[in-house]
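Shown next: target_24.cif, given as mmCIF, C-alpha atoms.
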data_upload
#
loop_
_atom_site.label_atom_id
_atom_site.label_comp_id
_atom_site.auth_asym_id
_atom_site.auth_seq_id
_atom_site.Cartn_x
_atom_site.Cartn_y
_atom_site.Cartn_z
CA MET A 1 109.76 100.38 101.62
CA HIS A 2 106.35 98.85 100.95
CA ILE A 3 103.45 101.15 101.69
CA SER A 4 100.84 99.66 104.02
CA ASP A 5 97.08 99.93 103.86
CA GLY A 6 95.57 103.09 105.25
CA VAL A 7 98.62 105.34 105.02
CA LEU A 8 98.03 107.07 101.71
CA SER A 9 94.97 109.03 100.66
CA PHE A 10 92.33 107.38 98.52
CA SER A 11 93.14 109.40 95.38
CA VAL A 12 96.84 108.41 95.49
CA ILE A 13 95.89 104.73 95.81
CA VAL A 14 93.47 104.92 92.87
CA ALA A 15 96.05 106.76 90.76
CA GLY A 16 98.61 104.09 91.67
CA TRP A 17 96.35 101.27 90.50
CA ALA A 18 95.48 103.11 87.30
CA ILE A 19 99.12 103.76 86.36
CA ALA A 20 100.23 100.25 87.37
CA LEU A 21 97.50 98.45 85.40
CA ALA A 22 97.92 100.67 82.34
CA LEU A 23 101.69 100.19 82.27
CA ASN A 24 101.35 96.43 82.80
CA ALA A 25 98.84 96.17 79.96
CA VAL A 26 101.05 98.16 77.58
CA ILE A 27 104.17 96.17 78.48
CA LEU A 28 102.50 92.76 78.18
CA TRP A 29 100.88 93.74 74.89
CA SER A 30 104.14 95.02 73.41
CA CYS A 31 106.03 91.89 74.53
CA LYS A 32 103.36 89.68 73.01
CA CYS A 33 103.75 91.42 69.66
CA LYS A 34 107.50 91.52 69.71
CA HIS A 35 109.02 88.07 69.99
CA ASN A 36 108.68 84.61 71.38
CA MET A 37 108.23 84.92 75.12
CA ALA A 38 108.72 81.22 75.88
CA GLU A 39 112.48 81.68 76.21
CA GLU A 40 112.07 84.63 78.50
CA ILE A 41 109.61 83.06 80.93
CA PRO A 42 112.05 80.93 82.99
CA LYS A 43 114.33 83.94 83.48
CA ILE A 44 111.40 86.14 84.48
CA SER A 45 110.20 83.50 86.96
CA ILE A 46 113.60 83.18 88.61
CA MET A 47 113.94 86.95 88.98
CA THR A 48 110.38 87.21 90.33
CA GLY A 49 111.32 84.57 92.91
CA ALA A 50 114.42 86.54 93.88
CA PHE A 51 112.39 89.73 94.19
CA PHE A 52 109.76 87.90 96.26
CA VAL A 53 112.22 86.67 98.90
CA ALA A 54 114.58 89.68 98.81
CA SER A 55 112.25 91.66 101.04
CA LEU A 56 112.91 89.13 103.83
CA VAL A 57 116.55 90.20 104.02
CA HIS A 58 116.41 92.92 106.63
CA VAL A 59 118.98 95.54 107.43
CA SER A 60 118.45 97.30 110.74
CA ILE A 61 119.50 100.93 110.56
CA GLY A 62 118.98 103.11 113.60
CA PRO A 63 115.31 103.47 114.31
CA THR A 64 113.97 101.84 111.20
CA SER A 65 114.25 98.54 109.41
CA VAL A 66 114.87 98.39 105.69
CA HIS A 67 115.06 95.42 103.40
CA LEU A 68 116.47 94.60 100.00
CA LEU A 69 114.29 95.50 97.05
CA LEU A 70 116.27 94.34 93.99
CA ASN A 71 114.21 96.56 91.70
CA GLY A 72 117.30 97.91 89.94
CA LEU A 73 118.52 94.35 89.37
CA LEU A 74 115.15 93.30 87.95
CA GLY A 75 115.16 96.28 85.60
CA VAL A 76 118.66 95.53 84.35
CA VAL A 77 118.10 91.80 83.88
CA LEU A 78 114.46 91.68 82.76
CA GLY A 79 114.08 94.98 80.94
CA ILE A 80 110.50 96.17 80.70
CA MET A 81 109.21 92.79 81.91
CA ALA A 82 110.46 93.79 85.39
CA PHE A 83 107.24 95.76 85.84
CA PRO A 84 104.74 92.87 85.50
CA ALA A 85 107.17 90.59 87.37
CA MET A 86 107.01 92.98 90.31
CA LEU A 87 103.22 92.98 90.26
CA VAL A 88 103.32 89.21 90.80
CA GLY A 89 106.06 89.49 93.44
CA LEU A 90 104.29 92.28 95.34
CA THR A 91 100.97 90.45 95.32
CA LEU A 92 102.60 87.37 96.81
CA GLN A 93 104.52 89.46 99.35
CA SER A 94 101.41 91.25 100.55
CA PHE A 95 99.39 88.07 100.92
CA LEU A 96 102.08 85.76 102.28
CA PHE A 97 104.39 88.07 104.22
CA GLN A 98 101.99 90.96 104.96
CA HIS A 99 104.60 93.27 103.44
CA GLY A 100 102.67 96.25 102.18
CA GLY A 101 98.93 96.43 101.95
CA ILE A 102 96.61 94.78 99.48
CA THR A 103 95.00 98.04 98.37
CA THR A 104 98.47 99.51 97.85
CA ILE A 105 99.83 96.83 95.50
CA GLY A 106 99.21 99.23 92.60
CA ILE A 107 101.06 102.17 94.08
CA ASN A 108 103.88 99.91 95.32
CA ASN A 109 104.16 98.51 91.79
CA VAL A 110 104.57 102.03 90.42
CA MET A 111 106.97 103.04 93.18
CA MET A 112 109.32 100.12 92.52
CA GLY A 113 108.59 99.39 88.88
CA VAL A 114 109.07 102.83 87.35
CA PRO A 115 112.60 103.13 88.84
CA ALA A 116 113.28 99.63 87.47
CA LEU A 117 112.30 100.78 83.98
CA LEU A 118 114.49 103.86 84.35
CA ALA A 119 117.38 101.67 85.57
CA TYR A 120 116.94 99.52 82.46
CA ALA A 121 116.94 102.58 80.19
CA THR A 122 120.06 103.88 81.92
CA PHE A 123 121.77 100.51 81.59
CA ARG A 124 121.08 100.25 77.87
CA PHE A 125 122.07 103.83 77.23
CA GLY A 126 125.28 103.48 79.24
CA TYR A 127 126.13 100.15 77.63
CA ARG A 128 125.86 101.65 74.16
CA LYS A 129 128.08 104.52 75.27
CA GLY A 130 130.67 101.92 76.25
CA ILE A 131 130.72 102.47 80.02
CA ASN A 132 132.23 99.59 82.03
CA PRO A 133 129.26 97.17 82.46
CA SER A 134 130.11 96.20 86.05
CA LEU A 135 130.22 99.80 87.12
CA LEU A 136 127.10 100.54 85.12
CA GLY A 137 125.25 97.61 86.72
CA ALA A 138 126.21 98.82 90.19
CA LEU A 139 125.05 102.31 89.33
CA CYS A 140 121.71 101.05 88.01
CA GLY A 141 121.17 98.85 91.08
CA SER A 142 121.64 101.87 93.33
CA LEU A 143 119.56 104.05 91.03
CA GLY A 144 116.56 101.75 91.44
CA ILE A 145 116.59 102.14 95.22
CA PHE A 146 117.34 105.85 95.07
CA LEU A 147 114.43 106.61 92.74
CA SER A 148 112.06 104.40 94.73
CA GLY A 149 113.04 106.27 97.88
CA ILE A 150 112.37 109.59 96.18
CA LEU A 151 108.97 108.38 94.90
CA LEU A 152 108.03 107.06 98.35
CA ALA A 153 109.01 110.37 99.92
CA LEU A 154 106.94 112.29 97.36
CA MET A 155 103.92 110.08 97.98
CA LEU A 156 104.19 110.49 101.73
CA ILE A 157 104.50 114.26 101.42
CA SER A 158 101.58 114.40 98.97
CA THR A 159 99.45 112.62 101.57
CA GLY A 160 100.22 115.02 104.39
CA GLU A 161 102.79 117.58 105.40
CA GLU A 162 103.30 115.76 108.68
CA PHE A 163 105.05 113.02 106.72
CA ARG A 164 107.79 115.38 105.54
CA GLU A 165 110.16 114.39 108.33
CA ILE A 166 109.48 110.68 107.83
CA ALA A 167 110.17 111.11 104.13
CA TYR A 168 113.68 112.41 104.83
CA VAL A 169 114.33 109.56 107.28
CA VAL A 170 113.21 107.05 104.64
CA ILE A 171 115.63 108.38 102.05
CA MET A 172 118.53 108.44 104.50
CA ALA A 173 117.76 104.91 105.71
CA HIS A 174 118.00 103.57 102.18
CA VAL A 175 121.52 104.82 101.52
CA PRO A 176 123.10 101.57 102.83
CA VAL A 177 120.60 99.54 100.79
CA MET A 178 121.70 101.48 97.72
CA PHE A 179 125.29 100.36 98.31
CA ILE A 180 124.33 96.73 98.92
CA GLU A 181 122.14 96.52 95.84
CA GLY A 182 124.75 98.30 93.76
CA VAL A 183 127.23 95.57 94.65
CA ILE A 184 124.67 92.81 93.97
CA THR A 185 123.58 94.21 90.61
CA GLY A 186 127.16 94.94 89.53
CA SER A 187 128.21 91.36 90.35
CA VAL A 188 125.22 89.82 88.59
CA VAL A 189 125.82 91.89 85.45
CA THR A 190 129.54 91.00 85.43
CA PHE A 191 128.71 87.32 85.88
CA LEU A 192 126.00 87.24 83.21
CA LEU A 193 128.14 89.08 80.66
CA LYS A 194 130.86 86.49 81.12
CA VAL A 195 128.67 83.39 81.23
CA ARG A 196 125.46 84.09 79.29
CA PRO A 197 125.45 87.60 77.82
CA GLU A 198 122.27 86.80 75.86
CA LEU A 199 120.36 86.72 79.16
CA LEU A 200 120.65 90.48 79.50
CA PRO A 201 117.88 92.41 77.75
CA LEU A 202 120.21 93.99 75.19
CA ASP A 203 119.48 93.99 71.47
CA LYS A 204 121.93 92.54 69.01
CA GLY A 205 122.88 96.07 68.00
CA ASP A 206 123.85 96.84 71.62
CA MET A 207 126.26 93.93 71.82
CA ARG A 208 129.89 94.78 71.39
CA MET B 1 75.33 82.51 197.14
CA ASP B 2 72.71 82.52 194.33
CA SER B 3 74.01 85.72 192.86
CA LEU B 4 77.54 84.31 192.69
CA LYS B 5 76.22 81.26 190.85
CA ILE B 6 74.38 83.49 188.36
CA ILE B 7 77.52 85.54 187.77
CA ARG B 8 79.54 82.37 187.15
CA ILE B 9 76.99 81.13 184.63
CA LEU B 10 76.96 84.51 182.89
CA VAL B 11 80.74 84.55 182.62
CA LEU B 12 80.73 81.01 181.23
CA VAL B 13 78.08 81.89 178.66
CA SER B 14 79.90 85.04 177.56
CA VAL B 15 83.18 83.12 177.16
CA ALA B 16 81.38 80.42 175.19
CA LEU B 17 79.72 83.04 172.95
CA THR B 18 83.01 84.81 172.35
CA LEU B 19 84.60 81.56 171.31
CA LEU B 20 81.72 80.68 169.04
CA MET B 21 81.69 84.06 167.30
CA PRO B 22 82.58 83.75 163.61
CA ALA B 23 85.98 85.04 162.68
CA VAL B 24 84.70 87.33 159.95
CA SER B 25 82.48 90.17 160.85
CA ALA B 26 79.49 90.72 158.67
CA HIS B 27 80.59 93.97 157.00
CA ARG B 28 80.00 93.99 153.24
CA VAL B 29 83.23 93.80 151.22
CA TYR B 30 83.87 95.20 147.77
CA VAL B 31 86.61 93.94 145.53
CA GLN B 32 87.33 95.58 142.20
CA GLU B 33 90.26 94.79 139.99
CA ARG B 34 92.02 97.43 137.96
CA ILE B 35 94.70 96.98 135.39
CA THR B 36 97.18 99.78 135.93
CA GLU B 37 99.41 99.27 132.93
CA VAL B 38 99.10 97.90 129.43
CA GLU B 39 102.16 96.96 127.42
CA VAL B 40 102.06 97.46 123.66
CA LYS B 41 104.79 95.91 121.58
CA ALA B 42 105.34 96.48 117.87
CA TRP B 43 107.82 94.78 115.61
CA PHE B 44 108.49 94.31 111.93
CA GLY B 45 108.11 91.02 110.13
CA GLY B 46 111.44 89.33 110.79
CA GLY B 47 111.53 90.37 114.43
CA ASP B 48 113.13 93.82 114.43
CA PRO B 49 111.39 96.06 116.98
CA MET B 50 109.66 99.20 115.74
CA ALA B 51 111.67 101.68 117.79
CA ASN B 52 110.51 105.29 118.14
CA ALA B 53 107.35 104.52 116.20
CA ASP B 54 104.28 106.69 116.62
CA VAL B 55 101.65 105.21 118.89
CA ILE B 56 98.09 106.47 118.86
CA ILE B 57 95.67 105.01 121.38
CA TYR B 58 91.93 105.44 121.10
CA THR B 59 89.45 104.53 123.81
CA ILE B 60 86.28 102.81 122.67
CA LYS B 61 83.24 103.30 124.86
CA ASN B 62 79.85 102.10 123.63
CA GLY B 63 81.25 101.93 120.15
CA VAL B 64 82.44 105.55 120.18
CA GLU B 65 86.13 106.10 119.60
CA GLU B 66 88.00 108.89 121.28
CA LEU B 67 91.65 109.88 121.00
CA TYR B 68 93.36 109.05 124.28
CA ILE B 69 97.16 109.14 123.93
CA GLU B 70 99.67 110.08 121.23
CA ASP B 71 103.25 109.07 121.94
CA THR B 72 106.18 107.03 120.62
CA THR B 73 107.56 103.59 121.43
CA ASP B 74 110.91 103.10 123.16
CA SER B 75 114.01 101.56 121.57
CA ASP B 76 112.58 98.05 122.00
CA GLY B 77 109.35 98.94 120.22
CA VAL B 78 107.46 98.82 123.52
CA TYR B 79 105.00 101.34 124.89
CA TYR B 80 103.26 101.32 128.27
CA PHE B 81 100.07 103.17 129.02
CA THR B 82 97.67 103.46 131.92
CA PRO B 83 94.12 102.57 130.95
CA LYS B 84 91.36 105.08 131.49
CA ILE B 85 89.11 104.18 134.41
CA GLY B 86 85.84 102.70 133.21
CA VAL B 87 87.04 102.02 129.68
CA SER B 88 88.15 98.54 128.78
CA GLU B 89 88.28 98.66 125.00
CA TYR B 90 91.16 100.26 123.16
CA ARG B 91 92.41 100.60 119.62
CA VAL B 92 96.17 101.01 119.26
CA VAL B 93 97.68 102.23 116.00
CA VAL B 94 101.45 101.98 115.58
CA SER B 95 103.11 103.56 112.55
CA GLU B 96 106.64 104.29 111.47
CA SER B 97 107.92 105.54 108.09
CA GLY B 98 104.87 104.35 106.24
CA HIS B 99 104.68 100.99 108.02
CA LYS B 100 101.49 100.79 109.98
CA ASN B 101 99.34 98.33 111.83
CA GLU B 102 96.66 98.46 114.45
CA LYS B 103 94.98 96.27 117.01
CA THR B 104 91.70 96.53 118.84
CA PHE B 105 91.60 94.79 122.19
CA SER B 106 89.65 94.60 125.40
CA LEU B 107 91.13 94.48 128.90
CA THR B 108 88.33 92.23 130.10
CA GLY B 109 89.53 89.54 127.76
CA ASP B 110 86.29 89.37 125.80
CA ALA B 111 86.71 88.40 122.21
CA VAL B 112 86.54 91.91 120.80
CA SER B 113 89.64 91.75 118.68
CA GLU B 114 89.74 89.77 115.53
CA PRO B 115 90.91 86.21 116.11
CA GLU B 116 94.65 85.64 115.81
CA GLU B 117 95.48 84.56 112.32
CA ALA B 118 96.90 81.12 112.20
CA GLU B 119 100.20 82.06 110.61
CA LEU B 120 102.09 79.57 108.56
CA PRO B 121 105.79 79.13 109.25
CA LEU B 122 108.01 81.40 107.16
CA ALA B 123 109.55 78.53 105.20
CA THR B 124 106.08 77.33 104.20
CA ARG B 125 105.12 80.80 103.04
CA ILE B 126 108.29 81.13 100.98
CA GLY B 127 107.57 77.74 99.47
CA ALA B 128 104.00 78.79 98.73
CA GLY B 129 105.24 81.92 96.98
CA PHE B 130 107.60 79.96 94.78
CA GLY B 131 104.80 77.55 94.04
CA TYR B 132 102.63 80.40 92.80
CA ILE B 133 105.47 81.81 90.67
CA LEU B 134 106.06 78.37 89.17
CA GLY B 135 102.36 78.01 88.45
CA ILE B 136 102.17 81.41 86.77
CA ALA B 137 105.27 80.58 84.73
CA GLY B 138 103.64 77.32 83.70
CA ILE B 139 100.48 79.08 82.56
CA ALA B 140 102.54 81.63 80.64
CA LEU B 141 104.59 78.88 78.98
CA TYR B 142 101.42 77.01 78.05
CA LEU B 143 99.88 80.12 76.50
CA SER B 144 103.03 80.97 74.56
CA SER B 145 103.42 77.39 73.29
CA ARG B 146 99.80 77.37 72.14
CA LYS B 147 100.41 80.63 70.35
CA SER B 148 103.53 79.33 68.59
CA LYS B 149 101.67 76.14 67.58
CA SER B 150 98.81 78.07 66.03
CA GLU B 151 101.21 80.20 64.03
#
Here is the file; what I need is its structure written in the form of structure tokens.
Amino acid sequence: MHISDGVLSFSVIVAGWAIALALNAVILWSCKCKHNMAEEIPKISIMTGAFFVASLVHVSIGPTSVHLLLNGLLGVVLGIMAFPAMLVGLTLQSFLFQHGGITTIGINNVMMGVPALLAYATFRFGYRKGINPSLLGALCGSLGIFLSGILLALMLISTGEEFREIAYVVIMAHVPVMFIEGVITGSVVTFLLKVRPELLPLDKGDMR
Amino acid sequence: MDSLKIIRILVLVSVALTLLMPAVSAHRVYVQERITEVEVKAWFGGGDPMANADVIIYTIKNGVEELYIEDTTDSDGVYYFTPKIGVSEYRVVVSESGHKNEKTFSLTGDAVSEPEEAELPLATRIGAGFGYILGIAGIALYLSSRKSKSE
């Protein structure tokens, strides 16, 4: 799902960097003001590590090759910190695995991070409404991939009409990934709620 | 009698000359090699072939690029093309669903393309990535502990 160098137009790449850096700055600033981050850092590091290697797990589907993204999982487990965690993970992926370009780290961060934030919002909202957390986790895991696929398709189409067909293929190819990540995220949420519910980014008021 | 002797000598000389004649005649020979087919293979990191990917081949002559072929790879991510006569430098761009890479190469084997990157084994790269994450976590922990001390 990573976008390589030289695919998108210059303006899309610049916009991607601008949005990514602005969002990262806002998130880091708000976290700094809020509470003690020292307890959060080990959890963030572990999830960044998982995100970093997840892209190596390939699923071959027809003509294309897709890989796990885990952006929904990061959103659900890390909350808003998923966004800066992905920036680190994507930078390492592009330099060490040549997954995605270096100029496109910004746009990739937006493409995967914004769905992660939305997955987090959905998870919190659903949890307060009292929806079964396992089901909710699975839904949010799939949602992350689904929204990323939609964003990728929009970016490809905005670059050129000739990408329209590719955009549809991309979305279809990610349907199996949505299922896999739904299962992963649902299991992780179930496990964490049983073992260490305080690890999930839910406020005291959310807890039942 | 004399004429018979002369004829005998002539025959002997002609036989000797025939035997001494070099095996190769002195016609000038031209040899020119031509590569009739170039194989292009594209695959994703991890080894999956890029099947049905778009292939665009440009010829490069005296530094000027020109579009030569537009086609797609087969199911094994392989594409064969016949080089243009007189052109030995090519740039091949392979792209599929937003994944894209390119390579410039020369059929004469001159070092036109960028040198092959010495790639670390995958396990080493994974280890390096975790090392970086650990380092960043350490810096973040240090900063947050300094902050809590100063408070």
Interatomic distance, CA of Glu198 in chain A to CA of Val57 in chain A (Å, one decimal): 28.9 Å
Quick one: contact table of chain B to chain A, 8 Å max, nearest atom pair and distance in Å to one decimal per residue, counting only C-alpha atoms, chain and number order, as JSON lines?
{"residue": "B:Phe44", "atom": "CA", "partner": "A:Ser65", "partner_atom": "CA", "distance": 7.6}
{"residue": "B:Gly45", "atom": "CA", "partner": "A:Phe97", "partner_atom": "CA", "distance": 7.6}
{"residue": "B:Gly46", "atom": "CA", "partner": "A:Leu56", "partner_atom": "CA", "distance": 7.1}
{"residue": "B:Asp48", "atom": "CA", "partner": "A:Ser65", "partner_atom": "CA", "distance": 7.0}
{"residue": "B:Met50", "atom": "CA", "partner": "A:Thr64", "partner_atom": "CA", "distance": 6.8}
{"residue": "B:Ala51", "atom": "CA", "partner": "A:Pro63", "partner_atom": "CA", "distance": 5.3}
{"residue": "B:Asn52", "atom": "CA", "partner": "A:Pro63", "partner_atom": "CA", "distance": 6.4}
{"residue": "B:Ser75", "atom": "CA", "partner": "A:Pro63", "partner_atom": "CA", "distance": 7.6}
{"residue": "B:Glu96", "atom": "CA", "partner": "A:Thr64", "partner_atom": "CA", "distance": 7.7}
{"residue": "B:Ser97", "atom": "CA", "partner": "A:Ile166", "partner_atom": "CA", "distance": 5.4}
{"residue": "B:Gly98", "atom": "CA", "partner": "A:Ile3", "partner_atom": "CA", "distance": 5.7}
{"residue": "B:His99", "atom": "CA", "partner": "A:Ser4", "partner_atom": "CA", "distance": 5.7}
{"residue": "B:Lys100", "atom": "CA", "partner": "A:Ser4", "partner_atom": "CA", "distance": 6.1}
{"residue": "B:Arg125", "atom": "CA", "partner": "A:Leu96", "partner_atom": "CA", "distance": 5.9}
{"residue": "B:Ile126", "atom": "CA", "partner": "A:Val53", "partner_atom": "CA", "distance": 7.1}
{"residue": "B:Gly129", "atom": "CA", "partner": "A:Leu92", "partner_atom": "CA", "distance": 6.1}
{"residue": "B:Phe130", "atom": "CA", "partner": "A:Gly49", "partner_atom": "CA", "distance": 6.2}
{"residue": "B:Ile133", "atom": "CA", "partner": "A:Ser45", "partner_atom": "CA", "distance": 6.2}
{"residue": "B:Leu134", "atom": "CA", "partner": "A:Ser45", "partner_atom": "CA", "distance": 7.0}
{"residue": "B:Ala137", "atom": "CA", "partner": "A:Ser45", "partner_atom": "CA", "distance": 6.1}
{"residue": "B:Ala140", "atom": "CA", "partner": "A:Ile41", "partner_atom": "CA", "distance": 7.2}
{"residue": "B:Leu141", "atom": "CA", "partner": "A:Ala38", "partner_atom": "CA", "distance": 5.7}
{"residue": "B:Ser144", "atom": "CA", "partner": "A:Ala38", "partner_atom": "CA", "distance": 5.8}
{"residue": "B:Ser145", "atom": "CA", "partner": "A:Ala38", "partner_atom": "CA", "distance": 7.0}
{"residue": "B:Ser148", "atom": "CA", "partner": "A:Asn36", "partner_atom": "CA", "distance": 7.9}
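As for CA of Ile27 in chain A and CA of Ile80 in chain A, they are spaced 6.7 Å apart.
These residues, each with an atom at most 8 Å from (96.6, 97.5, 116.4) using all atoms listed in the file, are B:Arg91, B:Val92, B:Val93, B:Val94, B:Asn101, B:Glu102, B:Lys103, B:Thr104.
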To one decimal place, how far is CA of Pro133 in chain A from CA of Met81 in chain A in Å? 20.5 Å
Could you tell me which residues the PyMOL selection byres ((chain A and resi 23) around 10) grabs in this file, written as a ChimeraX atom specification? /A:17-22,24-29,80,83-84,109-110,113-114
Can you give me, as a ChimeraX atom specification, the residues this file yields under the PyMOL selection byres ((chain B and resi 57-70) around 12)? /B:38-40,53-56,71-73,79-95,102-107,112
Saved selection, atoms kept: C-alpha atoms, as a CSV table (one decimal), in the frame of the given file:
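The result, stored in part_4.csv:
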chain,number,residue,atom,x,y,z
B,38,VAL,CA,99.1,97.9,129.4
B,39,GLU,CA,102.2,97.0,127.4
B,40,VAL,CA,102.1,97.5,123.7
B,53,ALA,CA,107.4,104.5,116.2
B,54,ASP,CA,104.3,106.7,116.6
B,55,VAL,CA,101.6,105.2,118.9
B,56,ILE,CA,98.1,106.5,118.9
B,71,ASP,CA,103.2,109.1,121.9
B,72,THR,CA,106.2,107.0,120.6
B,73,THR,CA,107.6,103.6,121.4
B,79,TYR,CA,105.0,101.3,124.9
B,80,TYR,CA,103.3,101.3,128.3
B,81,PHE,CA,100.1,103.2,129.0
B,82,THR,CA,97.7,103.5,131.9
B,83,PRO,CA,94.1,102.6,131.0
B,84,LYS,CA,91.4,105.1,131.5
B,85,ILE,CA,89.1,104.2,134.4
B,86,GLY,CA,85.8,102.7,133.2
B,87,VAL,CA,87.0,102.0,129.7
B,88,SER,CA,88.2,98.5,128.8
B,89,GLU,CA,88.3,98.7,125.0
B,90,TYR,CA,91.2,100.3,123.2
B,91,ARG,CA,92.4,100.6,119.6
B,92,VAL,CA,96.2,101.0,119.3
B,93,VAL,CA,97.7,102.2,116.0
B,94,VAL,CA,101.4,102.0,115.6
B,95,SER,CA,103.1,103.6,112.6
B,102,GLU,CA,96.7,98.5,114.4
B,103,LYS,CA,95.0,96.3,117.0
B,104,THR,CA,91.7,96.5,118.8
B,105,PHE,CA,91.6,94.8,122.2
B,106,SER,CA,89.6,94.6,125.4
B,107,LEU,CA,91.1,94.5,128.9
B,112,VAL,CA,86.5,91.9,120.8
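Using all atoms listed in the file, the shortest contact distance between Pro49 in chain B and any of B:Arg28, B:Val78, B:Thr124, B:Thr36 is found at B:Val78.
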Quick one: everything within 9 Å of Leu136 in chain A, counting only C-alpha atoms, minus sequence neighbours fewer than 3 positions away in the same chain. Send it as a ChimeraX atom specification. /A:122-123,126-127,131-133,139-141,186,189
Print the selection's residues with C-alpha atoms to a file, as a short mmCIF file (atom, residue, chain, number, x, y, z; two decimals), keeping the file's coordinate frame.
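Saved the output as again35.cif:
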data_model
loop_
_atom_site.label_atom_id
_atom_site.label_comp_id
_atom_site.auth_asym_id
_atom_site.auth_seq_id
_atom_site.Cartn_x
_atom_site.Cartn_y
_atom_site.Cartn_z
CA THR A 122 120.06 103.88 81.92
CA PHE A 123 121.77 100.51 81.59
CA GLY A 126 125.28 103.48 79.24
CA TYR A 127 126.13 100.15 77.63
CA ILE A 131 130.72 102.47 80.02
CA ASN A 132 132.23 99.59 82.03
CA PRO A 133 129.26 97.17 82.46
CA LEU A 139 125.05 102.31 89.33
CA CYS A 140 121.71 101.05 88.01
CA GLY A 141 121.17 98.85 91.08
CA GLY A 186 127.16 94.94 89.53
CA VAL A 189 125.82 91.89 85.45
#
Please write the residues picked by the PyMOL selection byres ((chain A and resi 151) around 10) on this file as number ranges by chain. A: 108, 110-112, 114-115, 145-150, 152-157, 167, 171
Of the candidates A:Ser158, A:Ser94, A:Thr104, A:Asn71, which one gets nearest to Leu118 in chain A if we count all atoms listed in the file?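 For Leu118 in chain A, the nearest of the candidates is A:Asn71.
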Which is closest to Ala82 in chain A among A:Ser11, A:Leu68, A:Pro201, A:Thr159, if we use only C-alpha atoms?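 The answer is A:Pro201, which sits nearest to Ala82 in chain A.
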